[in-house]
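Undergrad: Please find my_file.cif (mmCIF, C-alpha atoms) on the next line:
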data_input
#
loop_
_atom_site.group_PDB
_atom_site.id
_atom_site.type_symbol
_atom_site.label_atom_id
_atom_site.label_comp_id
_atom_site.auth_asym_id
_atom_site.auth_seq_id
_atom_site.Cartn_x
_atom_site.Cartn_y
_atom_site.Cartn_z
ATOM 1 C CA MET A 16 84.205 96.473 107.886
ATOM 2 C CA ASP A 17 85.275 98.465 104.836
ATOM 3 C CA LYS A 18 85.934 96.546 101.649
ATOM 4 C CA LEU A 19 89.522 95.535 101.008
ATOM 5 C CA LYS A 20 90.651 97.610 98.024
ATOM 6 C CA ILE A 21 92.814 95.538 95.691
ATOM 7 C CA LEU A 22 94.776 96.784 92.668
ATOM 8 C CA LEU A 23 95.187 94.518 89.648
ATOM 9 C CA ALA A 24 97.903 95.461 87.158
ATOM 10 C CA LYS A 25 97.238 95.357 83.430
ATOM 11 C CA GLY A 26 98.989 92.882 81.142
ATOM 12 C CA ARG A 27 100.756 89.667 82.103
ATOM 13 C CA ILE A 28 100.372 90.315 85.835
ATOM 14 C CA TYR A 29 96.598 90.581 85.415
ATOM 15 C CA GLU A 30 96.344 87.231 83.643
ATOM 16 C CA SER A 31 98.473 85.411 86.240
ATOM 17 C CA VAL A 32 96.687 86.938 89.226
ATOM 18 C CA TYR A 33 93.263 86.432 87.616
ATOM 19 C CA GLU A 34 93.984 82.702 87.337
ATOM 20 C CA LEU A 35 95.280 82.560 90.909
ATOM 21 C CA LEU A 36 92.188 84.321 92.263
ATOM 22 C CA ASN A 37 89.951 81.996 90.301
ATOM 23 C CA ASP A 38 91.750 78.941 91.692
ATOM 24 C CA VAL A 39 91.137 80.055 95.285
ATOM 25 C CA GLY A 40 87.443 80.617 94.506
ATOM 26 C CA ILE A 41 87.451 84.377 93.929
ATOM 27 C CA SER A 42 85.923 85.121 90.543
ATOM 28 C CA ILE A 43 86.251 88.502 88.882
ATOM 29 C CA TYR A 44 84.693 89.876 85.727
ATOM 30 C CA LEU A 45 85.964 92.972 83.928
ATOM 31 C CA PRO A 46 83.390 94.550 81.582
ATOM 32 C CA ASP A 47 84.714 96.191 78.411
ATOM 33 C CA ARG A 48 86.120 99.704 78.770
ATOM 34 C CA THR A 49 85.945 99.696 82.556
ATOM 35 C CA TYR A 50 88.575 99.488 85.280
ATOM 36 C CA PHE A 51 86.507 98.119 88.155
ATOM 37 C CA PRO A 52 85.938 94.343 87.958
ATOM 38 C CA THR A 53 82.956 92.790 89.662
ATOM 39 C CA THR A 54 83.502 89.876 92.038
ATOM 40 C CA ASN A 55 81.641 87.194 93.964
ATOM 41 C CA GLN A 56 83.201 88.445 97.222
ATOM 42 C CA GLU A 57 81.242 91.168 99.015
ATOM 43 C CA ASP A 58 84.200 92.301 101.120
ATOM 44 C CA LEU A 59 86.613 92.813 98.194
ATOM 45 C CA ALA A 60 86.778 95.669 95.675
ATOM 46 C CA PHE A 61 89.081 95.567 92.643
ATOM 47 C CA GLN A 62 90.539 98.217 90.355
ATOM 48 C CA VAL A 63 92.740 97.746 87.285
ATOM 49 C CA VAL A 64 95.737 100.090 86.971
ATOM 50 C CA LYS A 65 99.036 100.232 85.103
ATOM 51 C CA PRO A 66 101.695 98.000 86.687
ATOM 52 C CA GLN A 67 104.111 100.917 86.975
ATOM 53 C CA ILE A 68 101.907 102.819 89.448
ATOM 54 C CA THR A 69 100.566 100.029 91.665
ATOM 55 C CA SER A 70 103.261 100.462 94.306
ATOM 56 C CA LEU A 71 102.935 104.264 94.250
ATOM 57 C CA LEU A 72 99.230 104.017 95.026
ATOM 58 C CA LEU A 73 99.886 101.590 97.871
ATOM 59 C CA ALA A 74 102.662 103.766 99.266
ATOM 60 C CA ASN A 75 100.210 106.668 99.374
ATOM 61 C CA ASN A 76 97.501 104.508 100.989
ATOM 62 C CA LYS A 77 95.154 104.847 98.014
ATOM 63 C CA ALA A 78 94.505 101.083 98.151
ATOM 64 C CA ASP A 79 95.052 98.230 100.586
ATOM 65 C CA LEU A 80 96.577 95.468 98.484
ATOM 66 C CA GLY A 81 98.139 95.149 95.050
ATOM 67 C CA PHE A 82 100.275 93.034 92.751
ATOM 68 C CA SER A 83 103.467 94.452 91.274
ATOM 69 C CA GLY A 84 106.829 93.443 89.962
ATOM 70 C CA LYS A 85 109.560 94.046 92.519
ATOM 71 C CA ASP A 86 111.402 96.075 89.863
ATOM 72 C CA TRP A 87 108.710 98.775 89.793
ATOM 73 C CA VAL A 88 108.613 98.987 93.581
ATOM 74 C CA TYR A 89 112.327 99.821 93.560
ATOM 75 C CA GLU A 90 112.074 101.978 90.445
ATOM 76 C CA ASN A 91 109.454 104.058 92.254
ATOM 77 C CA GLY A 92 111.635 104.177 95.360
ATOM 78 C CA VAL A 93 108.862 102.972 97.678
ATOM 79 C CA GLU A 94 110.378 99.697 98.891
ATOM 80 C CA ASN A 95 110.313 101.084 102.455
ATOM 81 C CA ASP A 96 106.799 102.510 102.123
ATOM 82 C CA VAL A 97 104.922 99.292 101.272
ATOM 83 C CA VAL A 98 104.802 95.855 102.899
ATOM 84 C CA GLU A 99 105.770 92.815 100.836
ATOM 85 C CA ILE A 100 103.334 90.027 101.740
ATOM 86 C CA MET A 101 104.583 87.237 99.483
ATOM 87 C CA ASP A 102 106.514 86.451 96.327
ATOM 88 C CA LEU A 103 104.101 84.787 93.899
ATOM 89 C CA GLY A 104 106.980 83.811 91.630
ATOM 90 C CA PHE A 105 105.182 84.854 88.441
ATOM 91 C CA ASP A 106 107.101 86.347 85.493
ATOM 92 C CA PRO A 107 110.626 86.121 86.936
ATOM 93 C CA VAL A 108 112.964 88.548 85.191
ATOM 94 C CA ARG A 109 116.341 90.204 85.585
ATOM 95 C CA ILE A 110 116.943 93.906 85.120
ATOM 96 C CA VAL A 111 120.136 93.974 83.093
ATOM 97 C CA ALA A 112 122.526 96.302 81.327
ATOM 98 C CA ALA A 113 123.365 95.274 77.770
ATOM 99 C CA ILE A 114 125.592 96.569 74.974
ATOM 100 C CA PRO A 115 126.218 95.560 71.347
ATOM 101 C CA GLU A 116 128.019 92.214 71.126
ATOM 102 C CA ALA A 117 131.042 93.643 69.320
ATOM 103 C CA ARG A 118 131.589 96.504 71.774
ATOM 104 C CA ASP A 119 133.852 96.558 74.843
ATOM 105 C CA PHE A 120 132.095 97.522 78.077
ATOM 106 C CA GLU A 121 135.120 99.135 79.726
ATOM 107 C CA LYS A 122 135.816 101.287 76.675
ATOM 108 C CA ILE A 123 132.184 102.430 76.570
ATOM 109 C CA LEU A 124 132.340 103.567 80.191
ATOM 110 C CA LYS A 125 135.356 105.791 79.477
ATOM 111 C CA GLY A 126 133.325 108.127 77.267
ATOM 112 C CA LYS A 127 130.012 109.940 77.524
ATOM 113 C CA VAL A 128 127.278 107.328 77.657
ATOM 114 C CA ILE A 129 123.566 107.482 76.888
ATOM 115 C CA ILE A 130 121.413 104.772 78.464
ATOM 116 C CA ALA A 131 118.129 103.759 76.825
ATOM 117 C CA THR A 132 115.673 102.509 79.439
ATOM 118 C CA GLU A 133 112.253 102.617 81.045
ATOM 119 C CA TYR A 134 113.934 102.354 84.435
ATOM 120 C CA GLN A 135 115.106 105.898 85.065
ATOM 121 C CA ASN A 136 115.747 105.687 88.806
ATOM 122 C CA LEU A 137 117.332 102.232 88.800
ATOM 123 C CA SER A 138 119.571 103.375 85.955
ATOM 124 C CA LYS A 139 120.609 106.567 87.773
ATOM 125 C CA LYS A 140 121.591 104.538 90.840
ATOM 126 C CA TRP A 141 123.545 102.148 88.638
ATOM 127 C CA VAL A 142 125.429 105.044 87.001
ATOM 128 C CA GLU A 143 126.288 106.421 90.433
ATOM 129 C CA GLU A 144 127.578 103.034 91.575
ATOM 130 C CA LYS A 145 129.685 102.550 88.444
ATOM 131 C CA LYS A 146 130.885 106.188 88.549
ATOM 132 C CA PHE A 147 130.837 107.042 84.860
ATOM 133 C CA ASP A 148 129.470 109.895 82.739
ATOM 134 C CA GLY A 149 126.007 108.582 81.904
ATOM 135 C CA THR A 150 122.712 110.210 80.985
ATOM 136 C CA ILE A 151 119.297 108.582 80.737
ATOM 137 C CA PHE A 152 117.222 108.453 77.556
ATOM 138 C CA ARG A 153 113.659 107.520 78.555
ATOM 139 C CA THR A 154 112.002 104.915 76.322
ATOM 140 C CA TRP A 155 108.501 103.468 76.288
ATOM 141 C CA GLY A 156 109.097 99.861 75.287
ATOM 142 C CA THR A 157 111.019 98.305 72.341
ATOM 143 C CA SER A 158 114.147 99.792 73.859
ATOM 144 C CA GLU A 159 116.526 97.418 72.057
ATOM 145 C CA GLY A 160 116.204 99.423 68.848
ATOM 146 C CA PHE A 161 117.936 102.420 70.412
ATOM 147 C CA VAL A 162 121.205 100.570 71.061
ATOM 148 C CA GLN A 163 123.033 99.645 67.854
ATOM 149 C CA ASP A 164 126.590 98.730 66.922
ATOM 150 C CA THR A 165 127.160 102.013 65.086
ATOM 151 C CA ASP A 166 128.656 105.364 65.976
ATOM 152 C CA GLU A 167 125.274 106.946 65.154
ATOM 153 C CA SER A 168 123.430 104.844 67.747
ATOM 154 C CA ILE A 169 121.079 106.900 69.942
ATOM 155 C CA ALA A 170 122.301 105.086 73.064
ATOM 156 C CA GLN A 171 125.302 102.946 73.947
ATOM 157 C CA ILE A 172 123.791 100.941 76.826
ATOM 158 C CA LEU A 173 120.380 99.361 77.266
ATOM 159 C CA ILE A 174 118.872 98.730 80.694
ATOM 160 C CA ASP A 175 115.805 96.510 80.463
ATOM 161 C CA ASN A 176 114.118 93.437 81.906
ATOM 162 C CA THR A 177 114.712 90.013 80.417
ATOM 163 C CA SER A 178 113.511 86.520 81.212
ATOM 164 C CA THR A 179 115.380 84.352 78.699
ATOM 165 C CA GLY A 180 117.642 86.869 76.995
ATOM 166 C CA SER A 181 116.331 85.819 73.583
ATOM 167 C CA SER A 182 115.224 89.331 72.603
ATOM 168 C CA LEU A 183 118.649 90.700 73.475
ATOM 169 C CA LYS A 184 120.379 88.014 71.427
ATOM 170 C CA ALA A 185 118.059 88.643 68.488
ATOM 171 C CA ASN A 186 119.168 92.283 68.550
ATOM 172 C CA ARG A 187 122.843 91.307 68.919
ATOM 173 C CA LEU A 188 123.156 92.623 72.444
ATOM 174 C CA LYS A 189 125.079 91.053 75.321
ATOM 175 C CA ILE A 190 124.468 91.369 79.053
ATOM 176 C CA VAL A 191 127.267 93.101 80.960
ATOM 177 C CA ASP A 192 125.656 93.529 84.376
ATOM 178 C CA THR A 193 122.558 92.579 86.395
ATOM 179 C CA LEU A 194 120.965 95.373 88.414
ATOM 180 C CA MET A 195 118.385 93.206 90.218
ATOM 181 C CA GLU A 196 116.062 90.216 89.962
ATOM 182 C CA SER A 197 112.308 90.646 89.992
ATOM 183 C CA SER A 198 109.034 88.732 90.020
ATOM 184 C CA THR A 199 105.365 89.443 90.665
ATOM 185 C CA ARG A 200 104.703 89.943 94.363
ATOM 186 C CA MET A 201 101.796 90.836 96.604
ATOM 187 C CA TYR A 202 102.200 94.122 98.460
ATOM 188 C CA ALA A 203 100.062 95.877 101.051
ATOM 189 C CA SER A 204 99.871 99.457 102.225
ATOM 190 C CA LYS A 205 101.220 100.192 105.685
ATOM 191 C CA GLU A 206 97.869 101.687 106.635
ATOM 192 C CA ALA A 207 96.051 98.446 105.767
ATOM 193 C CA MET A 208 98.538 96.360 107.761
ATOM 194 C CA ALA A 209 97.982 98.635 110.762
ATOM 195 C CA ASN A 210 94.250 97.861 110.615
ATOM 196 C CA PRO A 211 93.654 94.527 112.452
ATOM 197 C CA GLU A 212 90.609 93.537 110.366
ATOM 198 C CA LYS A 213 92.232 94.340 107.038
ATOM 199 C CA LYS A 214 95.488 92.678 108.065
ATOM 200 C CA GLN A 215 93.584 89.520 109.007
ATOM 201 C CA LYS A 216 91.913 89.413 105.591
ATOM 202 C CA ILE A 217 95.203 90.070 103.790
ATOM 203 C CA MET A 218 96.903 87.224 105.631
ATOM 204 C CA ALA A 219 93.926 84.967 104.901
ATOM 205 C CA LEU A 220 94.351 85.717 101.190
ATOM 206 C CA LYS A 221 98.039 84.935 101.490
ATOM 207 C CA MET A 222 97.213 81.562 103.030
ATOM 208 C CA LEU A 223 94.753 80.768 100.223
ATOM 209 C CA PHE A 224 97.296 81.732 97.571
ATOM 210 C CA GLU A 225 99.917 79.543 99.227
ATOM 211 C CA THR A 226 97.615 76.510 99.148
ATOM 212 C CA VAL A 227 97.090 76.944 95.393
ATOM 213 C CA LEU A 228 100.760 77.579 94.631
ATOM 214 C CA ASN A 229 101.727 74.540 96.716
ATOM 215 C CA ALA A 230 99.256 72.434 94.759
ATOM 216 C CA ARG A 231 100.572 73.642 91.397
ATOM 217 C CA SER A 232 103.994 72.215 92.162
ATOM 218 C CA ARG A 233 102.701 68.852 93.401
ATOM 219 C CA VAL A 234 100.648 65.874 92.270
ATOM 220 C CA MET A 235 98.975 62.974 94.042
ATOM 221 C CA LEU A 236 100.072 59.431 93.251
ATOM 222 C CA GLU A 237 97.893 56.453 94.104
ATOM 223 C CA MET A 238 99.083 52.875 93.823
ATOM 224 C CA ASN A 239 98.510 49.349 95.043
ATOM 225 C CA VAL A 240 101.147 47.123 96.584
ATOM 226 C CA GLY A 241 101.191 43.516 97.796
ATOM 227 C CA LYS A 242 102.000 42.612 101.382
ATOM 228 C CA LYS A 243 105.424 41.195 100.560
ATOM 229 C CA ASP A 244 106.560 44.452 98.902
ATOM 230 C CA PHE A 245 104.883 46.858 101.314
ATOM 231 C CA ASP A 246 107.831 47.484 103.670
ATOM 232 C CA ASN A 247 110.290 48.101 100.817
ATOM 233 C CA LEU A 248 107.867 50.517 99.170
ATOM 234 C CA MET A 249 107.371 52.474 102.392
ATOM 235 C CA LYS A 250 111.128 52.886 102.804
ATOM 236 C CA GLY A 251 111.619 54.070 99.238
ATOM 237 C CA ILE A 252 108.865 56.627 98.657
ATOM 238 C CA PRO A 253 108.878 60.353 99.475
ATOM 239 C CA SER A 254 105.878 62.103 100.962
ATOM 240 C CA MET A 255 104.968 65.557 102.307
ATOM 241 C CA LYS A 256 104.241 64.115 105.752
ATOM 242 C CA SER A 257 103.531 60.397 105.664
ATOM 243 C CA PRO A 258 101.671 58.335 103.067
ATOM 244 C CA THR A 259 98.018 57.413 103.387
ATOM 245 C CA VAL A 260 97.613 53.646 103.545
ATOM 246 C CA SER A 261 94.451 51.526 103.509
ATOM 247 C CA PRO A 262 93.901 47.761 103.125
ATOM 248 C CA LEU A 263 92.675 46.363 99.807
ATOM 249 C CA PHE A 264 89.561 44.205 99.429
ATOM 250 C CA ASN A 265 90.070 40.561 100.460
ATOM 251 C CA ASP A 266 93.214 41.588 102.341
ATOM 252 C CA ASP A 267 95.272 41.345 99.099
ATOM 253 C CA GLY A 268 97.631 44.191 100.010
ATOM 254 C CA PHE A 269 97.438 47.936 100.443
ATOM 255 C CA ALA A 270 96.374 51.076 98.612
ATOM 256 C CA VAL A 271 98.886 53.895 99.064
ATOM 257 C CA LYS A 272 98.542 57.656 98.408
ATOM 258 C CA ILE A 273 101.434 60.109 98.370
ATOM 259 C CA ALA A 274 101.683 63.798 97.460
ATOM 260 C CA VAL A 275 104.967 64.544 95.699
ATOM 261 C CA LYS A 276 106.618 67.337 93.749
ATOM 262 C CA LYS A 277 105.963 67.247 90.013
ATOM 263 C CA SER A 278 109.693 67.409 89.353
ATOM 264 C CA GLU A 279 110.144 64.083 91.171
ATOM 265 C CA VAL A 280 107.638 62.155 89.035
ATOM 266 C CA PRO A 281 109.863 61.226 86.027
ATOM 267 C CA THR A 282 112.359 59.383 88.240
ATOM 268 C CA LEU A 283 109.843 58.295 90.869
ATOM 269 C CA LEU A 284 107.457 56.299 88.666
ATOM 270 C CA PRO A 285 110.070 53.725 87.517
ATOM 271 C CA LYS A 286 111.319 53.477 91.099
ATOM 272 C CA LEU A 287 107.822 52.785 92.435
ATOM 273 C CA GLN A 288 107.303 50.069 89.867
ATOM 274 C CA SER A 289 110.639 48.452 90.783
ATOM 275 C CA LEU A 290 109.563 48.481 94.445
ATOM 276 C CA GLY A 291 106.431 46.490 93.639
ATOM 277 C CA ALA A 292 103.820 49.220 93.151
ATOM 278 C CA THR A 293 101.049 48.501 90.601
ATOM 279 C CA ASP A 294 98.010 50.347 89.236
ATOM 280 C CA ILE A 295 99.768 53.707 89.675
ATOM 281 C CA VAL A 296 97.544 56.735 89.044
ATOM 282 C CA GLU A 297 98.652 60.389 88.967
ATOM 283 C CA TYR A 298 96.279 63.331 89.319
ATOM 284 C CA GLU A 299 96.420 67.068 89.890
ATOM 285 C CA LEU A 300 95.771 68.791 93.204
ATOM 286 C CA ARG A 301 93.766 71.996 93.642
ATOM 287 C CA LYS A 302 94.921 73.164 97.071
ATOM 288 C CA VAL A 303 97.624 71.963 99.446
ATOM 289 C CA MET A 304 97.955 73.356 102.961
ATOM 290 C CA LEU A 305 101.320 72.461 104.467
#
Would you mind writing the file out in structure tokens?

TA:
Amino acid sequence: MDKLKILLAKGRIYESVYELLNDVGISIYLPDRTYFPTTNQEDLAFQVVKPQITSLLLANNKADLGFSGKDWVYENGVENDVVEIMDLGFDPVRIVAAIPEARDFEKILKGKVIIATEYQNLSKKWVEEKKFDGTIFRTWGTSEGFVQDTDESIAQILIDNTSTGSSLKANRLKIVDTLMESSTRMYASKEAMANPEKKQKIMALKMLFETVLNARSRVMLEMNVGKKDFDNLMKGIPSMKSPTVSPLFNDDGFAVKIAVKKSEVPTLLPKLQSLGATDIVEYELRKVML
């Protein structure tokens, strides 16, 4: 079987995916000034590329698998030419339109408008939908500086990605519309998905990633409980399936294990104690297969 060719995007996506790969047991090492990481998996081959072109390469069957923000898939217009395998949920952002805080959006749209953005195609579609006289000014990062509350401002509208909106607020810009929501996702080429062996390996990777992502959102709780409190505890605790229960030494009660969501822990621990649980221990999970 040919090696599965996987594209890793530079920047934040690389760091998140690198950690995910490492957690499933796939180690990669990227020597300085190279773009082809080595790995401990003989059937995988990696290449590092810019995040903006990952989906283009997949759409043209130049690789089998890659990681990209959904925004760049749609910006490149290849959403129908690649196969989305799973949403990893990393780096969630919104692609938004923003204007100076003191300006009126409706008044801006009545005149000739220049839009500062890296997203040329998404912006053009947005202009067509809104039906106003807008032209695109292509930027290469730090786009906020092109939209100022002055008549001499290079652009009147900014279209950019934002996670918290803090950068927009710092530059005295307000959001007036959301074009789309995006996050890091795993995509495959159509050619790879038409190959039974490659498709099988891609879906196996998806399964491994899911076990790690499931584990990241959950913890294991272990506790002891006396016989008189056992029934009440069983009725009051959550669990993925059903708790694991084993008798304690000298028949003094039971040891109980439950896997729960991390978000439940702050309210769950006091509840467990009130239900008679003692010696409660929490620890992280590495993989969880549901």

Undergrad: Going by the chain IDs and residue numbers used in this file, which residues fall under the PyMOL selection byres ((chain A and resi 163) around 12)? Write them as a ChimeraX atom specification.

TA: /A:113-118,129-131,158-162,164-173,183,186-189

Undergrad: Taking into account all atoms listed in the file, which residue in the set A:Tyr89, A:Phe147, A:Tyr202, A:Phe61 is nearest to Asn76 (chain A)?

TA: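 Closest candidate: A:Tyr202.
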
Undergrad: May I have the protein, DNA and RNA residues with any atom at most 10 Å from the point (102.9, 89.7, 103.9), counting only C-alpha atoms, written as a CSV table (one decimal) with C-alpha atoms, in the frame of the given file?

TA:
chain,number,residue,atom,x,y,z
A,98,VAL,CA,104.8,95.9,102.9
A,99,GLU,CA,105.8,92.8,100.8
A,100,ILE,CA,103.3,90.0,101.7
A,101,MET,CA,104.6,87.2,99.5
A,102,ASP,CA,106.5,86.5,96.3
A,200,ARG,CA,104.7,89.9,94.4
A,201,MET,CA,101.8,90.8,96.6
A,202,TYR,CA,102.2,94.1,98.5
A,203,ALA,CA,100.1,95.9,101.1
A,208,MET,CA,98.5,96.4,107.8
A,214,LYS,CA,95.5,92.7,108.1
A,217,ILE,CA,95.2,90.1,103.8
A,218,MET,CA,96.9,87.2,105.6
A,220,LEU,CA,94.4,85.7,101.2
A,221,LYS,CA,98.0,84.9,101.5
A,222,MET,CA,97.2,81.6,103.0

Undergrad: Could you list, with a cut-off of 9 Å and counting only C-alpha atoms, the residues of region 108-141 of chain A near region 191-197 of chain A, each shown with its nearest atom pair and the distance in Å rounded to one decimal, rows sorted by chain and ascending number, as a tab-separated table?

TA:
residue	atom	partner	partner_atom	distance
A:Val108	CA	A:Ser197	CA	5.3
A:Arg109	CA	A:Glu196	CA	4.4
A:Ile110	CA	A:Met195	CA	5.3
A:Val111	CA	A:Thr193	CA	4.3
A:Ala112	CA	A:Asp192	CA	5.2
A:Ala113	CA	A:Val191	CA	5.5
A:Ile114	CA	A:Val191	CA	7.1
A:Phe120	CA	A:Val191	CA	7.2
A:Leu137	CA	A:Leu194	CA	7.8
A:Ser138	CA	A:Leu194	CA	8.5
A:Trp141	CA	A:Leu194	CA	7.3

Undergrad: For each of A:Ala74, A:Ile273, A:Leu22, A:Val296, take the minimum atom-to-atom distance to Asp96 (chain A), counting all atoms listed in the file, then give the residue where this is smallest.

TA: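 Nearest to Asp96 (chain A): A:Ala74.
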
Undergrad: What is the CA of Lys20 (chain A) to CA of Gln62 (chain A) distance in Å?

TA: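 Taking CA of Lys20 (chain A) and CA of Gln62 (chain A), their separation equals 7.7 Å.
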
Undergrad: Decode the PyMOL selection byres ((chain A and resi 126) around 12) for the given file into explicit residues and return them as a ChimeraX atom specification.

TA: /A:119-125,127-129,146-150,171-172

Undergrad: What is the distance, in Å and to one decimal place, between CA of Val280 (chain A) and CA of Asp38 (chain A)?

TA: 23.3 Å

Undergrad: For CA of Glu94 (chain A) and CA of Pro66 (chain A), quote the distance in Å rounded to one decimal.

TA: 15.1 Å

Undergrad: For a quick check of understanding, using all atoms listed in the file, which of A:Lys272, A:Arg233, A:Lys242, A:Lys286 has the smallest distance to Leu305 (chain A)?

TA: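 So, comparing all the options, the nearest one is A:Arg233.
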
Undergrad: Could you list the residues chosen by the PyMOL selection byres ((chain A and resi 274-277) around 8) in this structure as a list in words?

TA: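 Given this file, the PyMOL selection byres ((chain A and resi 274-277) around 8) evaluates to Ser232, Arg233, Val234, Met235, Leu236, Pro253, Ser254, Met255, Pro258, Lys272, Ile273, Ser278, Glu279 and Val280 of chain A.
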
Undergrad: Can you spit out the residues from that selection as a PDB file, keeping the file's coordinate frame, using C-alpha atoms?

TA:
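Full text of part-v2.pdb as output:
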ATOM      1  CA  SER A 232     103.994  72.215  92.162  1.00  0.00           C
ATOM      2  CA  ARG A 233     102.701  68.852  93.401  1.00  0.00           C
ATOM      3  CA  VAL A 234     100.648  65.874  92.270  1.00  0.00           C
ATOM      4  CA  MET A 235      98.975  62.974  94.042  1.00  0.00           C
ATOM      5  CA  LEU A 236     100.072  59.431  93.251  1.00  0.00           C
ATOM      6  CA  PRO A 253     108.878  60.353  99.475  1.00  0.00           C
ATOM      7  CA  SER A 254     105.878  62.103 100.962  1.00  0.00           C
ATOM      8  CA  MET A 255     104.968  65.557 102.307  1.00  0.00           C
ATOM      9  CA  PRO A 258     101.671  58.335 103.067  1.00  0.00           C
ATOM     10  CA  LYS A 272      98.542  57.656  98.408  1.00  0.00           C
ATOM     11  CA  ILE A 273     101.434  60.109  98.370  1.00  0.00           C
ATOM     12  CA  SER A 278     109.693  67.409  89.353  1.00  0.00           C
ATOM     13  CA  GLU A 279     110.144  64.083  91.171  1.00  0.00           C
ATOM     14  CA  VAL A 280     107.638  62.155  89.035  1.00  0.00           C
TER      15      VAL A 280
END

Undergrad: Show me, as JSON, the centre and edge lengths in Å to one decimal of the axis-aligned box that covers every listed atom of region 64-83 of chain A with 3 Å on each side.

TA:
{"center_x": 99.3, "center_y": 99.9, "center_z": 93.0, "size_x": 15.6, "size_y": 19.6, "size_z": 21.9}

Undergrad: Mind listing as a short mmCIF file (atom, residue, chain, number, x, y, z; two decimals) with C-alpha atoms, in the coordinates of the input all residues within 7 Å of (96.3, 98.6, 99.9), counting all atoms listed in the file?

TA:
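Written file, out39.cif:
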data_model
loop_
_atom_site.label_atom_id
_atom_site.label_comp_id
_atom_site.auth_asym_id
_atom_site.auth_seq_id
_atom_site.Cartn_x
_atom_site.Cartn_y
_atom_site.Cartn_z
CA LYS A 20 90.65 97.61 98.02
CA ILE A 21 92.81 95.54 95.69
CA LEU A 73 99.89 101.59 97.87
CA ASN A 76 97.50 104.51 100.99
CA LYS A 77 95.15 104.85 98.01
CA ALA A 78 94.50 101.08 98.15
CA ASP A 79 95.05 98.23 100.59
CA LEU A 80 96.58 95.47 98.48
CA GLY A 81 98.14 95.15 95.05
CA ALA A 203 100.06 95.88 101.05
CA SER A 204 99.87 99.46 102.22
CA ALA A 207 96.05 98.45 105.77
#

Undergrad: Between A:Asn210, A:Thr54, A:Ser83, A:Ser257, which is the closest to Ser198 (chain A) once you count only C-alpha atoms?

TA: A:Ser83

Undergrad: Pick the closest to Ile41 (chain A) from A:Leu103, A:Ile28, A:Ile174, A:Leu223: which is it, counting all atoms listed in the file?

TA: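 Of the candidates, the smallest distance to Ile41 (chain A) is held by A:Leu223.
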
Undergrad: When distances are computed from all atoms listed in the file, which of A:Ala219, A:Leu287, A:Ala185, A:Val240 shows the smallest separation from Asp266 (chain A)?

TA: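 Going through A:Ala219, A:Leu287, A:Ala185, A:Val240 one by one, the smallest distance to Asp266 (chain A) is for A:Val240.
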